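Text of structure07.cif, listed as mmCIF, C-alpha atoms:
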data_model
loop_
_atom_site.label_atom_id
_atom_site.label_comp_id
_atom_site.auth_asym_id
_atom_site.auth_seq_id
_atom_site.Cartn_x
_atom_site.Cartn_y
_atom_site.Cartn_z
CA MET A 1 19.17 -3.96 -12.11
CA ASN A 2 17.05 -3.84 -8.95
CA THR A 3 18.27 -4.98 -5.54
CA LEU A 4 16.41 -5.91 -2.36
CA VAL A 5 18.51 -5.67 0.82
CA LEU A 6 16.98 -7.40 3.84
CA GLY A 7 18.23 -7.71 7.39
CA GLY A 8 17.41 -7.16 11.01
CA ILE A 9 17.71 -3.92 12.92
CA LYS A 10 21.32 -2.62 12.86
CA SER A 11 22.39 -5.50 10.61
CA GLY A 12 24.27 -3.24 8.19
CA LYS A 13 21.58 -3.31 5.50
CA SER A 14 21.41 0.48 5.03
CA ARG A 15 25.19 0.76 4.82
CA LEU A 16 25.27 -2.03 2.22
CA ALA A 17 22.44 -0.46 0.21
CA GLU A 18 24.20 2.92 0.23
CA SER A 19 27.36 1.21 -1.02
CA ILE A 20 25.43 -0.48 -3.84
CA ALA A 21 23.90 2.87 -4.82
CA THR A 22 27.31 4.57 -4.77
CA ASP A 23 28.84 1.74 -6.82
CA SER A 24 26.23 2.35 -9.55
CA LYS A 25 28.24 5.49 -10.46
CA LYS A 26 24.92 7.28 -11.05
CA PRO A 27 23.47 10.23 -9.17
CA VAL A 28 21.52 8.83 -6.22
CA VAL A 29 17.95 9.77 -5.38
CA TYR A 30 17.37 8.70 -1.79
CA ILE A 31 13.72 8.15 -0.90
CA ALA A 32 13.25 8.22 2.87
CA THR A 33 10.02 6.72 4.22
CA ALA A 34 10.39 7.43 7.95
CA SER A 35 8.06 9.70 9.86
CA ALA A 36 9.38 11.34 13.01
CA GLY A 37 6.63 10.44 15.46
CA ASP A 38 8.79 10.85 18.58
CA GLU A 39 12.13 12.25 19.72
CA GLU A 40 14.01 8.96 19.39
CA MET A 41 12.87 8.59 15.78
CA ARG A 42 13.81 12.21 15.06
CA GLN A 43 17.32 11.42 16.32
CA ARG A 44 17.54 8.31 14.11
CA ILE A 45 16.45 10.32 11.08
CA GLU A 46 18.98 13.04 11.87
CA HIS A 47 21.76 10.44 12.19
CA HIS A 48 20.84 9.01 8.77
CA LYS A 49 20.79 12.50 7.23
CA LYS A 50 24.28 13.26 8.52
CA SER A 51 25.70 9.98 7.23
CA ARG A 52 24.45 10.42 3.63
CA PRO A 53 26.61 12.04 0.95
CA SER A 54 25.57 15.67 0.52
CA GLU A 55 25.25 15.35 -3.27
CA TRP A 56 22.42 12.82 -2.97
CA GLN A 57 18.96 14.15 -3.69
CA VAL A 58 16.66 13.28 -0.78
CA ILE A 59 12.92 12.82 -1.17
CA GLU A 60 10.74 12.20 1.87
CA GLU A 61 7.84 9.95 0.90
CA PRO A 62 6.12 8.14 3.78
CA ILE A 63 3.05 6.93 1.84
CA ASN A 64 3.15 7.29 -1.98
CA LEU A 65 6.34 5.33 -2.52
CA GLY A 66 5.46 3.90 -5.93
CA ARG A 67 4.74 7.38 -7.23
CA GLY A 68 8.05 8.61 -5.78
CA ILE A 69 10.02 5.84 -7.47
CA LYS A 70 8.21 6.39 -10.76
CA ALA A 71 8.92 10.13 -10.65
CA HIS A 72 12.65 9.73 -10.01
CA SER A 73 13.67 6.51 -11.76
CA THR A 74 15.59 7.24 -14.93
CA SER A 75 18.38 5.46 -16.77
CA GLN A 76 20.67 8.19 -15.42
CA THR A 77 19.81 7.78 -11.70
CA CYS A 78 19.93 5.16 -8.98
CA VAL A 79 16.96 5.26 -6.62
CA LEU A 80 17.58 4.10 -3.05
CA VAL A 81 14.55 3.46 -0.81
CA ASP A 82 15.09 3.20 2.94
CA CYS A 83 13.03 1.55 4.25
CA LEU A 84 10.06 -0.54 3.17
CA THR A 85 9.05 -1.68 6.65
CA LEU A 86 8.75 1.92 7.88
CA TRP A 87 6.65 2.64 4.78
CA LEU A 88 4.51 -0.41 5.51
CA THR A 89 4.05 0.75 9.10
CA ASN A 90 2.89 4.17 7.86
CA LEU A 91 0.31 2.44 5.68
CA LEU A 92 -0.90 0.07 8.40
CA MET A 93 -1.36 2.97 10.81
CA GLN A 94 -3.92 4.43 8.39
CA GLU A 95 -6.12 1.38 9.09
CA ASN A 96 -7.41 1.29 5.52
CA ASN A 97 -6.83 -1.93 3.56
CA GLN A 98 -7.83 -0.25 0.30
CA ILE A 99 -5.02 2.32 0.64
CA LEU A 100 -2.59 -0.42 1.73
CA ASN A 101 -3.39 -2.60 -1.27
CA GLN A 102 -3.35 0.33 -3.70
CA GLN A 103 0.03 1.58 -2.47
CA LYS A 104 1.56 -1.92 -2.58
CA ALA A 105 0.30 -2.37 -6.15
CA GLU A 106 1.76 1.00 -7.16
CA LEU A 107 5.10 0.03 -5.60
CA ILE A 108 5.22 -3.24 -7.54
CA ILE A 109 4.36 -1.47 -10.81
CA SER A 110 7.04 1.17 -10.18
CA ILE A 111 9.68 -1.54 -9.66
CA ARG A 112 8.59 -3.41 -12.80
CA GLU A 113 8.70 -0.21 -14.87
CA SER A 114 11.81 1.39 -13.35
CA SER A 115 14.19 2.82 -15.94
CA GLY A 116 17.30 2.64 -13.79
CA PRO A 117 18.52 0.69 -10.78
CA VAL A 118 16.41 0.71 -7.64
CA VAL A 119 17.85 -0.41 -4.30
CA LEU A 120 15.25 -1.31 -1.67
CA VAL A 121 15.99 -1.69 2.04
CA SER A 122 13.70 -3.58 4.41
CA ASN A 123 13.73 -5.21 7.83
CA GLU A 124 13.28 -8.96 7.89
CA SER A 125 11.02 -9.23 10.91
CA SER A 126 9.45 -12.67 10.73
CA MET A 127 12.24 -14.89 11.98
CA GLY A 128 11.18 -15.19 15.61
CA VAL A 129 8.11 -16.07 17.60
CA VAL A 130 4.63 -15.29 16.32
CA PRO A 131 3.67 -11.85 17.68
CA MET A 132 0.81 -11.68 20.17
CA GLY A 133 -0.98 -8.57 18.86
CA GLU A 134 -3.22 -8.50 15.79
CA LEU A 135 -1.54 -5.42 14.27
CA THR A 136 1.94 -6.87 14.79
CA ARG A 137 0.92 -10.17 13.20
CA LYS A 138 -0.59 -8.27 10.25
CA PHE A 139 2.64 -6.25 9.91
CA CYS A 140 4.78 -9.42 9.85
CA ASP A 141 2.44 -11.10 7.35
CA GLU A 142 2.33 -8.05 5.06
CA ALA A 143 6.12 -7.56 5.24
CA GLY A 144 6.78 -11.22 4.45
CA LEU A 145 4.41 -11.22 1.49
CA LEU A 146 5.85 -7.93 0.19
CA HIS A 147 9.41 -9.27 0.48
CA GLN A 148 8.47 -12.40 -1.48
CA GLU A 149 6.87 -10.38 -4.27
CA LEU A 150 9.80 -7.95 -4.48
CA ALA A 151 12.38 -10.74 -4.32
CA ALA A 152 10.76 -12.28 -7.39
CA LEU A 153 11.04 -8.94 -9.24
CA CYS A 154 14.57 -7.99 -8.18
CA ASP A 155 17.74 -9.16 -9.89
CA THR A 156 19.64 -9.32 -6.61
CA VAL A 157 18.45 -10.13 -3.09
CA VAL A 158 20.85 -9.79 -0.17
CA PHE A 159 20.31 -10.78 3.45
CA THR A 160 22.58 -8.88 5.84
CA VAL A 161 23.63 -10.26 9.23
CA ALA A 162 26.20 -8.60 11.51
CA GLY A 163 27.31 -6.38 8.64
CA LEU A 164 27.96 -9.36 6.39
CA PRO A 165 26.03 -9.67 3.12
CA HIS A 166 24.65 -13.07 2.14
CA TYR A 167 23.54 -13.13 -1.50
CA LEU A 168 20.29 -15.07 -1.83
CA LYS A 169 19.73 -14.21 -5.48
CA GLY A 170 22.21 -12.76 -7.97
CA SER A 171 25.71 -11.77 -6.96
CA LYS A 172 27.83 -8.77 -6.13
#
Could you render the structure as structure tokens?
Amino acid sequence: MNTLVLGGIKSGKSRLAESIATDSKKPVVYIATASAGDEEMRQRIEHHKKSRPSEWQVIEEPINLGRGIKAHSTSQTCVLVDCLTLWLTNLLMQENNQILNQQKAELIISIRESSGPVVLVSNESSMGVVPMGELTRKFCDEAGLLHQELAALCDTVVFTVAGLPHYLKGSK
């Protein structure tokens, strides 16, 4: 059973996803996609590290996410990915559409073929004004299209606002 957890920044989506992973009663493999490009991001990553249960296996995979999921998804594990929009940003910064499309395709295949539950976390970023910059517009377009494709594949889709989950597909 795969779950997509969407929400804005600091909406409670990571906390909810971690709870879903814990509730699976399976060992959790946490795949982190963030890259520490500056001090503020390093602090965010450190905060996340400290808040995770110590028994969780942590894999850092900023680019080859599909391969990471495929390598760690078993019927005996729950894979938690946090977060897809940071992963997408890493891909867009490479400025290579071939790599972007290949990695997205590998992610979709890994979700389709997952042996155990996968919980995906992502920022819903396209609910405001249309961004002015080309890269920002591309990011919002790519994130929206990715979310639609993953929502179709996942059993459960949850939108989190102010720490409150709103089930869009499936149920708790």
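Residues matching the PyMOL selection byres ((chain A and resi 58) around 10) in this structure come to Val28, Val29, Tyr30, Ile31, Ala32, Lys49, Arg52, Ser54, Glu55, Trp56, Gln57, Ile59, Glu60, Glu61, Val79 and Leu80 of chain A.
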Listed atoms of stretch 167-170 of chain A, axis-aligned box, 6 Å per side: centre and edge lengths to one decimal in Å, as JSON?
{"center_x": 21.6, "center_y": -13.9, "center_z": -4.7, "size_x": 15.8, "size_y": 14.3, "size_z": 18.5}
Check: Can you list what the PyMOL selection byres ((chain A and resi 142-152) around 9) grabs from this structure, as a ChimeraX atom specification?
Finding: /A:3-4,6,84-85,88,104,108,111,122-126,137-141,153-157,169
Notebook entry, point to check: In Å, how far is it from atom CA of A:Leu86 to atom CA of A:Ser11?
Noted result: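 That distance, rounded to one decimal, is 15.8 Å.
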Margin query: Need to verify the contact set: A:Gly12, 10 Å, all atoms listed in the file, exclusion of same-chain residues closer than 2 positions in sequence. Can you return it as a ChimeraX atom specification?
Written below: /A:5-10,14-17,159-165
